[in-house]
Amino acid sequence: MSKQKGLSDLAKIEERLAYWLLLPTLIILLIIAFYPLGSVFYNSFTNKAFASAEPVEFVGFKNYSQLLSFTIRELPPQVDAGGQPVLDDTGKVLYTRPLDVLPREPLRYRELSQFSLLGRRYVVGATDRDFLRGVWDTLIFTVIAVTLETIIGLGIALVVNVKFTGRGVMRAVMLVPWAIPTAVSSRMWEWMFRSTRVGFFNVVFQNLGLIQDPIPFLTSQNWQLPAMIAIDVWKTTPFMALLLLAGLQLIPGDIYEAADVDGASKLRQFFSLTLPLLRPTLAVALVFRTLDSLRVFDLFQIVLAQSRYSMASFTYYQLTNNRAMGYSSASSVIIFILIFIFAVLYIKILGGADSE
Amino acid sequence: MKRSSMLLILVLVAAMLLASCGPKPTEAPADTTPEATTPPSTGDQRVTITIAAGAVGQELELTQAAAQRYMDTHPNVTVRVLDTPDLVQDRLGLYLQFFEAGSAEVDIYQIDVIWPGDLAEHFVDLNEHGARNVAGQHFPAIIENNTVDGKLVGIPWFTDAGLLYFRSDLLEKYGYSAGPTTWDELEEMAATIQAGERAAGNADFWGFVWQGNSYEGLTCDALEWIDSNAGGTIVSPEKVITVNNPAAIAAIERAAGWVGTISPPGVVGFGEEDARGIWQAGNAAFMRNWPYAYSLGNSDDSVIKGQFDVSPLPAGDSGSGSATLGGWQLAVSRYSNNPAIAADVALYLASAEEQKIRAIEGSLNPTIMSLYSDADVLAASPFFGSLYDVFINAAARPSTATAPKYNDTSTLFFQAVHSVLTGRSDAVTAFDELEADLEALLGYPVGQP
């Protein structure tokens with residue numbers, strides 16, 4: 001309060017002017033960020049259909065509960081007429097099928113996954129297994145891809161930070177993958193991953209005698225995510241390297257000279273000088289890449305379409321193919337909340353330590 | 001602390017912006033034009049009509065040539081052809097964005113045979129623009145399909161049905177006098193020819209290629225397997241879910257057995273053009289595809305020019321083959337600024353003379369019945385005459401019985417079939433699950449075909 005009193009008239013006028021000058025920015029923010037977001041929130045509580053004149057009804061949290069409901073049920077072993085468990089050809093116990101165990105009214109639960117715990121078999125059922133699987137896949141994709149990008153990016157940044165002939169060229173070449181539009185590079189990689197004669201990897205591996213049959217990178221459940229991660233790492237490592245390179249150049253050279261005089265090894269210098277001083281840059285780069293990966297859309301949509309979803313491509317599918325605008329809005333809101341949580345976590349972990 | 005809270009605010013704002021950059025189901029583009037208020041041009045004014053048309057094979061060139069012919073006789077009209085994605089579902093996604101925005105940018109849409117019921121509200125009644133006089137020339141079944149509540153939503157442009165392509169030279173080489181009439185025969189021939197051609201040095205040779213990716217095309221292929229095996233059409237016209245029956249399961253199990261034996265393992269990622277690529281390079285003995293592949297296979301740069309023929313698809317236990325009905329219609333957008341002129345363009349493109357050119361140059365099957373006895377058409381595509389019955393008797397996808405949830409139905413179906421083809425699930429479990437899914441989705445009773 002005393003601070004306020006101390007302000008001169010001139011300062012007050014300036015303060016008022018500052019608010020006026022901020023106003024256009026605030027209005028633009030309201031129009032381009034808050035209005036669309038608000039309307040997504042609103043739609044997420046309705047059953048609105050996309051591109052349709054059907055009457056819109058308010059449905060409360062129905063969309064959310066359908067997206068997120070899941071249940072865990074035990075799968076009892078199958079028993080024959082004599083009460084003995086049925087075994088398959090390899091001697092494993094056969095369990096009741098999830099279909100017979102999971103609830104079907106009022107909403108049908110579909111099998112998401114199975115797991116064993118303490119000798120019992122359980123099934124996880126979800127009312128929208130595509131969505132929950134999409135969320136899980138996106139999280140796995142983000143964690144692995146961002147980790148790899150950071151490590152490889154840091155390596156590249158350290159190399160091109162050293163003075164050597166042709167460094168300018170190297171820095172330019174490094175950026176090529178980042179410069180190619182994702183639509184183009186996704187299509188390119190899709191071709192390379194094909195399991196026919198078009199597929200670069202399969203042809204090379206076969207000619208080297210590494211594999212007998214082609215690997216179905218894009219149709220096998222086990223290979224789809226690694227393929228997506230490979231494409232993303234190839235594409236965005238340069239971005240990571242560029243950000244980290246900028247950070248490296250801010251570190252003054254004389255501290256390394258001092259460290260040399262003190263007899264610190266290069267490894268010690270890296271962990272005691274480079275890494276701590278790079279920390280703010282690393283934090284910004286990680287926040288950027290993580291939030292970006294969580295929203296991944298183009299890559300999944302172009303390469304996998306309806307065979308596997310990321311959170312964003314699931315939302316797109318619900319909107320355009322199923323025309324479920326309310327439902328897809330609800331999934332957008334969930335994505336938003338997830339990204340929000342990630343952002344807060346990052347600031348707590350990285351930003352907090354930085355300011356102390 | 002102050003710095004970190006500033007950073008927090010910045011990041012949150014950034015997160016909001018990023019989140020709203022994604023595919024957002026909210027705002028119409030700013031350039032939305034209000035609904036048509038200006039009357040159709042009177043002749044002095046230049047008018048541009050835009051057609052959203054397919055680009056599979058040579059479709060795009062054919063449409064552009066036809067547009068040019070229209071412009072030659074109508075100097076005041078410019079017809080612009082917008083090419084659209086090859087995959088049917090991507091194309092629907094694009095169209096819906098135009099409709100949601102009420103956009104006048106596209107005047108004429110090329111729509112799939114399964115869409116009229118669902119999209120009717122966005123199109124004008126072509127009967128009010130002179131289509132009533134020509135509707136009688138087309139196959140009645142397609143006109144009926146395109147008529148929603150008495151309103152003619154689209155004028156039929158070309159029809160499609162699944163066909164079996166076979167290499168007549170190779171059949172002869174391995175001692176077969178005619179193409180296969182049953183799936184058993186096809187399997188046997190494909191295996192023999194594949195083994196022989198591989199032994200002769202072509203390691204890339206496969207017996208049978210088709211569409212196995214997880215998309216609408218797989219619904220078409222799988223419907224043919226099931227229907228030819230007397231397994232019904234997923235949901236019957238009487239709104240009964242019939243898909244879970246032993247004949248259907250046997251048909252899907254048979255197809256799953258092809259993957260990696262007579263068909264490449266990669267077939268579970270194939271669309272139409274992937275199959276045609278292998279076929280037209282001379283690396284397959286049989287192919288299931290639509291009629292458009294016929295004239296492309298006979299083009300000058302084709303390795304197999306003049307060495308193949310087509311027939312109806314083989315039969316299963318039902319005793320006769322089955323072909324999924326496809327085909328495209330031209331519909332005029334309700335949001336067009338010049339609906340009368342757009343309707344005139346659409347009717348011209350679907351007229352007998354234009355369909356004849358498309359039949360001869362693109363082997364696209366006409367929807368006008370009289371063209372099937374036209375001498376010029378038969379000279380260019382001799383197989384048309386014999387396939388007239390295929391088109392008349394083709395199996396329709398259950399788009400009417402499941403409307404407006406056909407897309408959901410089809411997605412559940414092709415995902416279930418795909419899980420069997422890729423070995424993730426056995427056919428019995430997959431179809432038990434599918435039946436439960438369809439019950440939950442549609443609320444129809446379950447029965448046998």
# chains A, B, ... in the order shown; residues from 1 in each chain; ligands from 1
$ select_by_dssp --residues "range 114-190 of chain B" --states "strand (DSSP E)" --output "PDB file with C-alpha atoms, in the first residue's frame"
ATOM      1  CA  THR B 147     -32.922 -40.297 -53.446  1.00  0.00           C
ATOM      2  CA  VAL B 148     -33.507 -39.206 -49.858  1.00  0.00           C
ATOM      3  CA  LYS B 151     -34.966 -35.440 -53.079  1.00  0.00           C
ATOM      4  CA  LEU B 152     -32.344 -36.487 -55.658  1.00  0.00           C
ATOM      5  CA  ILE B 155     -26.621 -37.696 -60.105  1.00  0.00           C
ATOM      6  CA  PRO B 156     -24.824 -41.039 -60.639  1.00  0.00           C
ATOM      7  CA  TRP B 157     -21.455 -40.518 -62.362  1.00  0.00           C
ATOM      8  CA  PHE B 158     -19.809 -43.898 -62.495  1.00  0.00           C
ATOM      9  CA  THR B 159     -20.406 -47.158 -60.735  1.00  0.00           C
ATOM     10  CA  ASP B 160     -17.959 -49.606 -59.337  1.00  0.00           C
ATOM     11  CA  ALA B 161     -17.908 -53.195 -58.252  1.00  0.00           C
ATOM     12  CA  LEU B 163     -13.614 -57.561 -59.985  1.00  0.00           C
ATOM     13  CA  LEU B 164     -11.053 -60.311 -60.238  1.00  0.00           C
ATOM     14  CA  TYR B 165      -8.117 -59.488 -62.486  1.00  0.00           C
ATOM     15  CA  PHE B 166      -6.059 -62.439 -63.692  1.00  0.00           C
ATOM     16  CA  ARG B 167      -2.982 -62.908 -65.874  1.00  0.00           C
TER      17      ARG B 167
END
$ interface_residues --of "chain A" --to "chain B" --cutoff "7 Å" --atoms "only C-alpha atoms" --output "list in words"
Ala33, Pro36, Leu37, Ser39, Val40, Phe50, Ala51, Leu99, Arg108, Ser195, Thr196, Pro216, Thr219, Gln306, Ser307, Tyr316, Thr320, Asn321, Asn322, Met325, Ser329, Phe336, Ile339, Phe340, Ala343, Ile347, Gly351, Gly352 and Ser355 of chain A
$ select_by_dssp --residues "range 86-156 of chain A" --states "alpha helix (DSSP H)" --output "ChimeraX atom specification"
/A:98-101,129-156
$ write_last_selection --atoms "N, CA and C atoms" --output "mmCIF file, in the first residue's frame"
data_model
loop_
_atom_site.group_PDB
_atom_site.id
_atom_site.type_symbol
_atom_site.label_atom_id
_atom_site.label_comp_id
_atom_site.auth_asym_id
_atom_site.auth_seq_id
_atom_site.Cartn_x
_atom_site.Cartn_y
_atom_site.Cartn_z
ATOM 1 N N PRO A 98 -12.595 -62.125 -22.274
ATOM 2 C CA PRO A 98 -12.982 -60.840 -21.679
ATOM 3 C C PRO A 98 -14.429 -60.478 -22.014
ATOM 4 N N LEU A 99 -14.863 -60.850 -23.218
ATOM 5 C CA LEU A 99 -16.218 -60.507 -23.656
ATOM 6 C C LEU A 99 -17.269 -60.989 -22.666
ATOM 7 N N ASP A 100 -17.025 -62.183 -22.047
ATOM 8 C CA ASP A 100 -18.022 -62.767 -21.157
ATOM 9 C C ASP A 100 -17.964 -62.181 -19.747
ATOM 10 N N VAL A 101 -16.921 -61.420 -19.462
ATOM 11 C CA VAL A 101 -16.724 -60.913 -18.104
ATOM 12 C C VAL A 101 -17.041 -59.421 -18.011
ATOM 13 N N ARG A 129 -11.828 -47.757 -25.625
ATOM 14 C CA ARG A 129 -10.452 -48.226 -25.492
ATOM 15 C C ARG A 129 -9.512 -47.514 -26.454
ATOM 16 N N ASP A 130 -10.034 -47.050 -27.597
ATOM 17 C CA ASP A 130 -9.171 -46.336 -28.537
ATOM 18 C C ASP A 130 -8.600 -45.076 -27.903
ATOM 19 N N PHE A 131 -9.449 -44.380 -27.123
ATOM 20 C CA PHE A 131 -8.977 -43.136 -26.518
ATOM 21 C C PHE A 131 -7.923 -43.419 -25.451
ATOM 22 N N LEU A 132 -8.239 -44.341 -24.538
ATOM 23 C CA LEU A 132 -7.279 -44.613 -23.461
ATOM 24 C C LEU A 132 -5.970 -45.157 -24.024
ATOM 25 N N ARG A 133 -6.083 -45.990 -25.068
ATOM 26 C CA ARG A 133 -4.876 -46.504 -25.695
ATOM 27 C C ARG A 133 -4.098 -45.366 -26.349
ATOM 28 N N GLY A 134 -4.842 -44.425 -26.958
ATOM 29 C CA GLY A 134 -4.209 -43.264 -27.587
ATOM 30 C C GLY A 134 -3.463 -42.423 -26.567
ATOM 31 N N VAL A 135 -4.083 -42.215 -25.396
ATOM 32 C CA VAL A 135 -3.427 -41.431 -24.345
ATOM 33 C C VAL A 135 -2.144 -42.137 -23.909
ATOM 34 N N TRP A 136 -2.257 -43.422 -23.662
ATOM 35 C CA TRP A 136 -1.100 -44.202 -23.212
ATOM 36 C C TRP A 136 0.010 -44.167 -24.262
ATOM 37 N N ASP A 137 -0.360 -44.429 -25.520
ATOM 38 C CA ASP A 137 0.638 -44.430 -26.602
ATOM 39 C C ASP A 137 1.314 -43.073 -26.725
ATOM 40 N N THR A 138 0.522 -42.002 -26.602
ATOM 41 C CA THR A 138 1.099 -40.664 -26.743
ATOM 42 C C THR A 138 2.088 -40.389 -25.614
ATOM 43 N N LEU A 139 1.744 -40.826 -24.401
ATOM 44 C CA LEU A 139 2.660 -40.610 -23.277
ATOM 45 C C LEU A 139 3.968 -41.377 -23.485
ATOM 46 N N ILE A 140 3.865 -42.641 -23.885
ATOM 47 C CA ILE A 140 5.065 -43.445 -24.140
ATOM 48 C C ILE A 140 5.905 -42.798 -25.241
ATOM 49 N N PHE A 141 5.211 -42.431 -26.318
ATOM 50 C CA PHE A 141 5.866 -41.784 -27.458
ATOM 51 C C PHE A 141 6.618 -40.548 -26.989
ATOM 52 N N THR A 142 5.960 -39.709 -26.186
ATOM 53 C CA THR A 142 6.563 -38.455 -25.742
ATOM 54 C C THR A 142 7.800 -38.714 -24.887
ATOM 55 N N VAL A 143 7.660 -39.589 -23.906
ATOM 56 C CA VAL A 143 8.773 -39.817 -22.983
ATOM 57 C C VAL A 143 9.995 -40.343 -23.740
ATOM 58 N N ILE A 144 9.791 -41.369 -24.568
ATOM 59 C CA ILE A 144 10.941 -41.968 -25.252
ATOM 60 C C ILE A 144 11.516 -41.014 -26.296
ATOM 61 N N ALA A 145 10.635 -40.426 -27.111
ATOM 62 C CA ALA A 145 11.128 -39.561 -28.188
ATOM 63 C C ALA A 145 11.875 -38.362 -27.620
ATOM 64 N N VAL A 146 11.312 -37.704 -26.607
ATOM 65 C CA VAL A 146 11.963 -36.498 -26.078
ATOM 66 C C VAL A 146 13.289 -36.854 -25.408
ATOM 67 N N THR A 147 13.330 -37.980 -24.711
ATOM 68 C CA THR A 147 14.592 -38.392 -24.092
ATOM 69 C C THR A 147 15.670 -38.605 -25.148
ATOM 70 N N LEU A 148 15.324 -39.356 -26.199
ATOM 71 C CA LEU A 148 16.310 -39.615 -27.251
ATOM 72 C C LEU A 148 16.730 -38.322 -27.937
ATOM 73 N N GLU A 149 15.752 -37.470 -28.214
ATOM 74 C CA GLU A 149 16.070 -36.211 -28.900
ATOM 75 C C GLU A 149 17.012 -35.363 -28.055
ATOM 76 N N THR A 150 16.788 -35.337 -26.747
ATOM 77 C CA THR A 150 17.635 -34.521 -25.880
ATOM 78 C C THR A 150 19.064 -35.049 -25.873
ATOM 79 N N ILE A 151 19.212 -36.353 -25.711
ATOM 80 C CA ILE A 151 20.559 -36.920 -25.628
ATOM 81 C C ILE A 151 21.307 -36.747 -26.949
ATOM 82 N N ILE A 152 20.647 -37.137 -28.062
ATOM 83 C CA ILE A 152 21.318 -37.025 -29.360
ATOM 84 C C ILE A 152 21.542 -35.561 -29.719
ATOM 85 N N GLY A 153 20.535 -34.730 -29.438
ATOM 86 C CA GLY A 153 20.643 -33.302 -29.739
ATOM 87 C C GLY A 153 21.800 -32.666 -28.992
ATOM 88 N N LEU A 154 21.959 -33.044 -27.723
ATOM 89 C CA LEU A 154 23.057 -32.492 -26.924
ATOM 90 C C LEU A 154 24.396 -32.915 -27.523
ATOM 91 N N GLY A 155 24.480 -34.175 -27.939
ATOM 92 C CA GLY A 155 25.705 -34.664 -28.568
ATOM 93 C C GLY A 155 26.045 -33.861 -29.804
ATOM 94 N N ILE A 156 25.041 -33.660 -30.668
ATOM 95 C CA ILE A 156 25.287 -32.908 -31.901
ATOM 96 C C ILE A 156 25.675 -31.474 -31.579
#
$ atom_distance --atom1 "CA of Gln307 in chain B" --atom2 "CA of Asn283 in chain B"
12.7 Å
$ residues_around --residues "Pro180 in chain B" --least-positions-apart "4" --cutoff "7 Å" --atoms "only C-alpha atoms" --output "PyMOL selection string"
chain B and resi 185-186+314
$ write_last_selection --atoms "N, CA and C atoms" --output "compact mmCIF listing (two decimals), in the first residue's frame"
# COMPACT_ATOMS: atom_id res chain seq x y z
N GLU B 185 -10.30 -72.79 -56.09
CA GLU B 185 -9.54 -72.81 -57.35
C GLU B 185 -8.52 -71.68 -57.37
N LEU B 186 -8.96 -70.50 -56.92
CA LEU B 186 -8.04 -69.36 -56.93
C LEU B 186 -6.82 -69.66 -56.06
N PRO B 314 -14.53 -64.90 -57.43
CA PRO B 314 -14.86 -66.31 -57.23
C PRO B 314 -15.97 -66.51 -56.20
$ residues_around --residues "range 55-70 of chain A" --least-positions-apart "6" --cutoff "7 Å" --atoms "only C-alpha atoms" --output "list in words"
Ser44, Phe45, Thr46, Asn47, Lys48, Val124, Gly125, Ala126, Thr127, Asp128, Phe131, Tyr327 and Ala330 of chain A
$ write_last_selection --atoms "C-alpha atoms" --output "PDB file, in the first residue's frame"
ATOM      1  CA  SER A  44     -17.700 -30.861 -24.634  1.00  0.00           C
ATOM      2  CA  PHE A  45     -20.858 -30.900 -22.521  1.00  0.00           C
ATOM      3  CA  THR A  46     -23.174 -31.309 -25.510  1.00  0.00           C
ATOM      4  CA  ASN A  47     -23.936 -33.975 -28.086  1.00  0.00           C
ATOM      5  CA  LYS A  48     -23.325 -31.577 -30.998  1.00  0.00           C
ATOM      6  CA  VAL A 124      -8.805 -54.003 -18.081  1.00  0.00           C
ATOM      7  CA  GLY A 125     -11.934 -52.918 -19.925  1.00  0.00           C
ATOM      8  CA  ALA A 126     -12.707 -49.425 -21.151  1.00  0.00           C
ATOM      9  CA  THR A 127     -15.785 -47.796 -22.647  1.00  0.00           C
ATOM     10  CA  ASP A 128     -13.546 -46.141 -25.217  1.00  0.00           C
ATOM     11  CA  PHE A 131      -8.977 -43.136 -26.518  1.00  0.00           C
ATOM     12  CA  TYR A 327     -17.327 -36.000 -27.955  1.00  0.00           C
ATOM     13  CA  ALA A 330     -14.359 -33.510 -24.566  1.00  0.00           C
TER      14      ALA A 330
END
$ closest_residue --among "A:Ser272, A:Asn202, A:Thr290, A:Pro85" --to "Ile215 in chain A" --atoms "only C-alpha atoms"
A:Asn202
$ residues_around --residues "Trp206 in chain B" --least-positions-apart "6" --cutoff "9 Å" --atoms "only C-alpha atoms" --output "list in words"
Ala190, Ala191, Ile193, Gln194, Ala195, Glu197, Arg198, Thr261, Ile262, Ser263, Pro264, Ile278, Asn283, Ala284, Ala285 and Phe286 of chain B
$ write_last_selection --atoms "C-alpha atoms" --output "PDB file, in the first residue's frame"
ATOM      1  CA  ALA B 190      -2.222 -68.699 -57.164  1.00  0.00           C
ATOM      2  CA  ALA B 191       0.005 -71.092 -55.204  1.00  0.00           C
ATOM      3  CA  ILE B 193       1.829 -69.894 -60.394  1.00  0.00           C
ATOM      4  CA  GLN B 194       3.625 -68.214 -57.489  1.00  0.00           C
ATOM      5  CA  ALA B 195       5.852 -71.238 -56.909  1.00  0.00           C
ATOM      6  CA  GLU B 197       7.387 -67.873 -61.188  1.00  0.00           C
ATOM      7  CA  ARG B 198       9.626 -67.766 -58.120  1.00  0.00           C
ATOM      8  CA  THR B 261       1.277 -67.516 -48.305  1.00  0.00           C
ATOM      9  CA  ILE B 262      -0.273 -66.485 -51.623  1.00  0.00           C
ATOM     10  CA  SER B 263      -0.429 -62.792 -50.674  1.00  0.00           C
ATOM     11  CA  PRO B 264       2.472 -60.658 -49.427  1.00  0.00           C
ATOM     12  CA  ILE B 278       2.462 -54.826 -57.665  1.00  0.00           C
ATOM     13  CA  ASN B 283       4.455 -59.284 -59.912  1.00  0.00           C
ATOM     14  CA  ALA B 284       1.063 -60.847 -59.179  1.00  0.00           C
ATOM     15  CA  ALA B 285      -1.072 -63.525 -60.789  1.00  0.00           C
ATOM     16  CA  PHE B 286      -4.425 -62.302 -59.427  1.00  0.00           C
TER      17      PHE B 286
END
$ residues_around --residues "Ser313 in chain A" --least-positions-apart "3" --cutoff "6 Å" --atoms "only C-alpha atoms" --output "list in words"
Phe297, Gln301, Tyr309, Ser310 and Tyr316 of chain A
$ write_last_selection --atoms "C-alpha atoms" --output "PDB file, in the first residue's frame"
ATOM      1  CA  PHE A 297      -1.019 -35.261 -34.850  1.00  0.00           C
ATOM      2  CA  GLN A 301      -2.571 -39.265 -38.966  1.00  0.00           C
ATOM      3  CA  TYR A 309      -4.219 -43.109 -32.691  1.00  0.00           C
ATOM      4  CA  SER A 310      -2.385 -40.415 -30.842  1.00  0.00           C
ATOM      5  CA  TYR A 316      -9.659 -35.594 -35.339  1.00  0.00           C
TER       6      TYR A 316
END
$ atom_distance --atom1 "CA of Ser332 in chain A" --atom2 "CA of Ala403 in chain B"
26.5 Å
$ residues_around --residues "range 168-184 of chain A" --least-positions-apart "5" --cutoff "12 Å" --atoms "only C-alpha atoms" --output "ChimeraX atom specification"
/A:152-153,156-163,189-191,231-243,245-246,296-303
$ closest_residue --among "B:Ser236, B:Ser322, B:Gln355, B:Thr242" --to "Asn393 in chain B" --atoms "only C-alpha atoms"
B:Ser322
